[in-house]
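S.K.: Here it is: the structure, laid out below.
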There are 2 protein chains.
Amino acid sequence: MGAHKYSVGVDFGTESGRAVLVDVSDGREVATSVYAYQNGVIDERLPIPGKDIVLEPDWALQDPEDYLRTFQRTIPAVLKESGIDPADVIGVGIDFTACTMLPARKDGSPLCTLPEFREKPHAWVKLWKHHAAQPEADKINEVARAMGQTWLERYGGKISSEWFFSKVLQILNESPELYAAADRMLEAADWVVWQLTGVETRNSCTAGYKAMWSKRDGFPDSEYFKALDPRLADVIDDKMLRQVVPTGQRAGGLTEEAARWTGLCPGTAVAIANVDAHVAVPAATVTEPGRMVMIMGTSTCHMVLGTQEQIVPGMCGYVEDGIIPGFFGYEAGQSCVGDHFAWFVENCVPAAYEREAQRRSMNLHQLLEEKAAALKPGESGLLALDWWNGNRSVLVDAELTGMLVGATLATKPEEIYRALVEATAYGTRVIVEAFEKHGVPIHELVACGGLPEKNKLLMQIYADVAGRPIRISASNQTPALGSAMFGAVAAGRQAGGYDSIFEAARSMAHLKTEDFSPIPRNQQVYDSLFAEYVQLHDHFGRGGNNVMKRLKRIRAERKAAAARL
Amino acid sequence: MGAHKYSVGVDFGTESGRAVLVDVSDGREVATSVYAYQNGVIDERLPIPGKDIVLEPDWALQDPEDYLRTFQRTIPAVLKESGIDPADVIGVGIDFTACTMLPARKDGSPLCTLPEFREKPHAWVKLWKHHAAQPEADKINEVARAMGQTWLERYGGKISSEWFFSKVLQILNESPELYAAADRMLEAADWVVWQLTGVETRNSCTAGYKAMWSKRDGFPDSEYFKALDPRLADVIDDKMLRQVVPTGQRAGGLTEEAARWTGLCPGTAVAIANVDAHVAVPAATVTEPGRMVMIMGTSTCHMVLGTQEQIVPGMCGYVEDGIIPGFFGYEAGQSCVGDHFAWFVENCVPAAYEREAQRRSMNLHQLLEEKAAALKPGESGLLALDWWNGNRSVLVDAELTGMLVGATLATKPEEIYRALVEATAYGTRVIVEAFEKHGVPIHELVACGGLPEKNKLLMQIYADVAGRPIRISASNQTPALGSAMFGAVAAGRQAGGYDSIFEAARSMAHLKTEDFSPIPRNQQVYDSLFAEYVQLHDHFGRGGNNVMKRLKRIRAERKAAAARL
């Protein structure tokens, strides 16, 4: 084995898919290619020429052909760009948004690709942010609580409308003939691996985090599904695979057809599917407890490993083997982080700032960061609750809304901007403290995603507020790197890869040398401000004053009244 | 008496003085002239060429010569513009900002005009918004409370740092030699009347609202002043006139010198001085109880007349004969109204809106009003506490700050703008309800000042929120009209004027025909939102959570720490 070996990671995002060709020896990213989905996010009408099939509000679909095109375009592109011999590519791994799911035939054909179902919206892929299954989620929760289903606790007491069975139940409710026609209901993540390998598998990550499965108890039993809807009683055996495979395993080898699509060799090892946020954890060097990974983008996912099963209230969920085999993987989330700053920049920054940014060839985010960085903690007198998109952690309440207090006539835009940044940092500290209080210790934060790269002020504020050092993933495409790492593990040491994700992480995952340590005098001020945050958080979030919900109700009534006019 | 008779009202504002020549028969405004003060608001250094005498923070001074120049420039200008025979001008009235005060010699010379005192900041006029006497105000309140001084109740339990004796005590504390050199401490309002007539008088309006005087009890007694500072024991007899004259009286006739300045005839009647907000009341047609006048500009003053003495908590004060002879004049205030919207437009409106406004040849206020007017009450889900500049009514707490709740990623600038408008309307309703609860009924609102002219949405929201009809003063320079009315009263019926302000108001004051009535379905929604406002108002304003004060304290500490570095 003289030559370097390589692995390909394919990261399926919301708007595009991305392949990264990685050197297995050290994780160096040799080539990258991105394919913008032809049909993107389908949220207005089905992409069928000559037809005008309009979707309901809150729908969000995708076209599975876009996933295949991602393979067909990006993998040949990275091979070509790098000039690597396909024979030196030993593995492929993929990660996906989740829960992104679809109904398919026994042979893997998505129902939406069959002429008889193509015009039915429910035949298409339901993207993670398809939010039309809230009534179904409510029913899932209500029945689970009534029946005392213990698995509900693993998900902070609440199943989301975004998750697998909410979407399945919506298909059954609204299109029973389509439900009947589906031999399979599965994650798009597993579907693309099936397309590569010809073998149907079901990964532990999406099964655990999105489909109520656990290693110890499997899926909820038939009695529960029957109570939900008699037609669902045998959903697991009828429509799914009962066998769930931990991430880090080999799903199979590339088929001849998939080899033609990609330019790789038939038989190349393909890893069990994974989820974008979860696969980023080992790629951010974390394969042990105590270090929380924050995948920071429009929203933030928080991932931490534990050796014991702990119930942490208000978390998104925990899954044994869900992130790294042998550990409980805990997930929490903040629903409004990058989105928060984007909202502010779009709606609240005056023209004078735009002119200054243009004059100085900066974007508005950079200008605000610079101005906000000149402020000292506490100097603005402002404090915000970061609930512009509800609260997805601890309180798990989508009806909560944003709040700002402390404004005066001297308040400047950069002060509000900094208060919003700080609010998201306080939200993170609430999560860290909830983990620690319930037996999941955290002594360091590791950030990855788009934001940490771009905003040093943000990182310093997080370190100061959380009172913990922050490191940053060296890769700016951490999920794709993680998928490539799993590809190398699927190939195994004999083929030039690794026998475990631990080994792969030691060689392939890196942190930037720059780190952010808490500055003691800032930490002290932020401790005072955090105490204020917690008091407002609990007052408005735990029923002291439900004004946010009442305002939302008044708003909904007024909008409904206006629509009737 | 064939010819029309005229009266001149001179309104001394913060940045300029304005004369309006008015037809006494019907209030028609014949000519207007504005003089921008040469030395404006002096808040950085004294305007002495070649000297660099820097003022402390929070100081705000004026130059009394600017007041004389106002007479010298504007009255000749309105005479010239109108072509009126000066013999047909029967009276002059003035109104002033308050408390704006100065130390002077027995002959009326301001100390700052004397070479030996010119370089001493305390020798100059202290403008109403000179805010450096807070320690003195604190002491005035503390001693009054300790001694059980009953007059304190007339001012909602608190004397402001802006008021007369706070400023006097600051002079005594910081410049005792200047205090000693002053034969007179007096309101600039009374000083300009003295300059016109050669007669020193003291008007009931500033004495009552700003200098702790009442018709029944006079000034606080010597024991109180002695307790404040032994050197102050005889301040009333040493430095002031004990005799206070109700507004509506004649102060005297124009001196030969003042006649030369103004071009008017010697002996022309001059009215007792008045205050800008108070003089606007009869000019807005209000000379009886039950109709509250709102003078709406950067802040709002609320004036209402009562027949009985009532203690209304948290009001700025009430004075018998303070507005209209024979009535108790009640005053309340909101410290942030136009300022609120100006802050928002300057700091929070994105460039895209500025471009749209430019394209459509509107200003940003007009664009926001248009967009906000398209929204229905309650539709934004937002609610604000209008405390960007503290709370000057009911709660009387300058340490309170602004708050916004209900923000989401869908929140638009015009929604925030509307929420701020609504918040000031809720603040007004709190004042109206406080008056009514304590025996001062209000069945109609009458608005004047810059805002009501410009913003119809604002007026409709106030009507809907307050549940009362709103009328608008026909004049867009209501205070100057009011001063001219008092000038006509000073002249009296025999000279072609009026014998009382009631008569003058009937002929000279008018309302616009357009009025704003509450729209029942809006009123209903606003009742719900107002209940939410009151709950937040009481929680944050009455000690439920003093986060606003703690944030201000942290802010002050951080700013002090930064200054030390």
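Following the order of the structure tokens, first chain is A, next is B, and so on, with residues numbered from 1 inside each chain and ligands from 1 in the order they appear.
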Skipping near chain neighbours, those fewer than 3 positions away, what residues fall within 6 Å of range 411-427 of chain B using only C-alpha atoms, listed as a ChimeraX atom specification?

M.R.: /B:368,371-372,380,383-386,407-408,430,462

S.K.: Give me, as a short mmCIF file (atom, residue, chain, number, x, y, z; two decimals) with N, CA, C and O atoms, in the first residue's frame, all polymer residues having an atom no more than 12 Å from Ala342 in chain A, counting only C-alpha atoms and skipping those fewer than 2 positions away in the same chain.

M.R.:
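The resulting file, result-v7.cif, is shown below:
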data_model
loop_
_atom_site.label_atom_id
_atom_site.label_comp_id
_atom_site.auth_asym_id
_atom_site.auth_seq_id
_atom_site.Cartn_x
_atom_site.Cartn_y
_atom_site.Cartn_z
N GLY A 297 -25.48 27.24 12.67
CA GLY A 297 -25.85 27.82 11.38
C GLY A 297 -27.07 28.68 11.62
O GLY A 297 -27.10 29.47 12.56
N THR A 298 -28.10 28.52 10.77
CA THR A 298 -29.33 29.29 11.01
C THR A 298 -29.87 28.97 12.39
O THR A 298 -30.33 29.83 13.11
N SER A 299 -29.77 27.67 12.75
CA SER A 299 -30.06 27.27 14.12
C SER A 299 -28.83 26.53 14.64
O SER A 299 -27.87 26.36 13.91
N CYS A 336 -33.00 29.41 16.78
CA CYS A 336 -32.84 30.72 16.14
C CYS A 336 -31.48 31.28 16.49
O CYS A 336 -31.32 31.92 17.54
N VAL A 337 -30.49 31.06 15.65
CA VAL A 337 -29.16 31.59 15.93
C VAL A 337 -28.72 32.44 14.73
O VAL A 337 -28.93 33.65 14.70
N GLY A 338 -28.19 31.82 13.69
CA GLY A 338 -27.85 32.61 12.52
C GLY A 338 -29.08 33.33 11.96
O GLY A 338 -28.99 34.46 11.49
N ASP A 339 -30.21 32.66 12.02
CA ASP A 339 -31.46 33.27 11.56
C ASP A 339 -31.76 34.57 12.30
O ASP A 339 -32.37 35.49 11.75
N HIS A 340 -31.37 34.58 13.55
CA HIS A 340 -31.61 35.74 14.39
C HIS A 340 -30.85 36.95 13.86
O HIS A 340 -31.40 38.04 13.70
N PHE A 344 -32.11 40.40 11.94
CA PHE A 344 -31.74 41.74 12.41
C PHE A 344 -31.14 42.56 11.27
O PHE A 344 -31.51 43.71 11.05
N VAL A 345 -30.21 41.94 10.55
CA VAL A 345 -29.52 42.66 9.48
C VAL A 345 -30.52 43.06 8.38
O VAL A 345 -30.43 44.15 7.83
N GLU A 346 -31.48 42.20 8.14
CA GLU A 346 -32.43 42.51 7.07
C GLU A 346 -33.45 43.57 7.48
O GLU A 346 -33.87 44.39 6.67
N ASN A 347 -33.84 43.55 8.74
CA ASN A 347 -34.98 44.36 9.16
C ASN A 347 -34.66 45.57 10.03
O ASN A 347 -35.51 46.44 10.18
N CYS A 348 -33.49 45.60 10.63
CA CYS A 348 -33.28 46.58 11.70
C CYS A 348 -32.02 47.42 11.57
O CYS A 348 -31.67 48.12 12.52
N VAL A 349 -31.32 47.36 10.47
CA VAL A 349 -30.06 48.11 10.39
C VAL A 349 -30.24 49.30 9.45
O VAL A 349 -30.64 49.13 8.31
N ASN A 363 -19.44 43.55 4.63
CA ASN A 363 -20.88 43.34 4.65
C ASN A 363 -21.41 43.81 6.01
O ASN A 363 -20.66 44.14 6.92
N LEU A 364 -22.73 43.86 6.09
CA LEU A 364 -23.33 44.44 7.30
C LEU A 364 -23.02 43.62 8.55
O LEU A 364 -22.85 44.16 9.64
N HIS A 365 -22.94 42.29 8.37
CA HIS A 365 -22.59 41.45 9.51
C HIS A 365 -21.21 41.83 10.06
O HIS A 365 -21.00 41.93 11.27
N LEU A 368 -21.37 45.24 11.83
CA LEU A 368 -22.02 45.13 13.15
C LEU A 368 -21.10 44.42 14.13
O LEU A 368 -21.01 44.79 15.30
N TRP A 388 -37.06 34.33 19.08
CA TRP A 388 -37.65 34.82 17.83
C TRP A 388 -38.28 33.66 17.03
O TRP A 388 -39.18 33.87 16.25
N TYR A 417 -27.75 44.33 18.32
CA TYR A 417 -27.12 43.17 17.69
C TYR A 417 -26.35 42.36 18.71
O TYR A 417 -26.48 41.14 18.81
N LEU A 420 -28.55 40.42 20.98
CA LEU A 420 -29.10 39.20 20.37
C LEU A 420 -28.05 38.08 20.38
O LEU A 420 -28.37 36.92 20.66
N VAL A 421 -26.81 38.44 20.08
CA VAL A 421 -25.72 37.45 20.15
C VAL A 421 -25.63 36.90 21.57
O VAL A 421 -25.57 35.68 21.80
N LEU A 451 -21.18 29.85 11.17
CA LEU A 451 -21.01 31.03 12.02
C LEU A 451 -19.66 31.16 12.71
O LEU A 451 -19.09 32.24 12.72
N LEU B 409 -39.25 35.80 13.69
CA LEU B 409 -38.45 36.00 12.48
C LEU B 409 -39.27 36.65 11.37
O LEU B 409 -38.71 37.10 10.37
N ALA B 410 -40.58 36.70 11.55
CA ALA B 410 -41.43 37.33 10.54
C ALA B 410 -41.73 38.79 10.88
O ALA B 410 -42.41 39.48 10.12
#

S.K.: Using only C-alpha atoms, I'd like every residue of chain B that has an atom within 6 Å of chain A; please write them out as a list in words.

M.R.: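 Here they are: Asn347, Cys348, Val349, Pro350, Ala351, Gly378, Glu379, Gly381, Trp388, Asn389, Thr401, Gly402, Met403, Leu404, Val405, Gly406, Ala407, Thr408, Leu409, Met548, Leu551, Lys552, Ile554, Arg555 and Arg558 of chain B.
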
S.K.: Excluding Leu228 in chain B and its own-chain neighbours fewer than 4 positions away, which residues fall within 8 Å of it when counting only C-alpha atoms? Please give them as a ChimeraX atom specification.

M.R.: /B:139-140,143,224,232

S.K.: Neighbours of Asp229 in chain A within 12 Å (only C-alpha atoms; same-chain residues fewer than 3 positions away dropped), as a ChimeraX atom specification?

M.R.: /A:136,139-140,143,165,168-170,172-173,176,222-226,232-235

S.K.: Which residue is closest to Pro282 in chain A? Choose from A:Gln62, A:Asn141, A:Thr247, A:Thr97 and count only C-alpha atoms.

M.R.: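 Of all the options, A:Thr247 lies closest to Pro282 in chain A.
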
S.K.: List every residue of range 4-44 of chain A that DSSP, applied to the backbone of this structure, assigns to strand (DSSP E or B), and report them as a list of chain:residue names.

M.R.: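 Answer for range 4-44 of chain A restricted to strand (DSSP E or B) is A:Tyr6, A:Ser7, A:Val8, A:Gly9, A:Val10, A:Asp11, A:Phe12, A:Ser16, A:Gly17, A:Arg18, A:Ala19, A:Val20, A:Leu21, A:Val22, A:Asp23, A:Glu29, A:Val30, A:Ala31, A:Thr32, A:Ser33, A:Val34, A:Tyr35, A:Ala36, A:Ile42.
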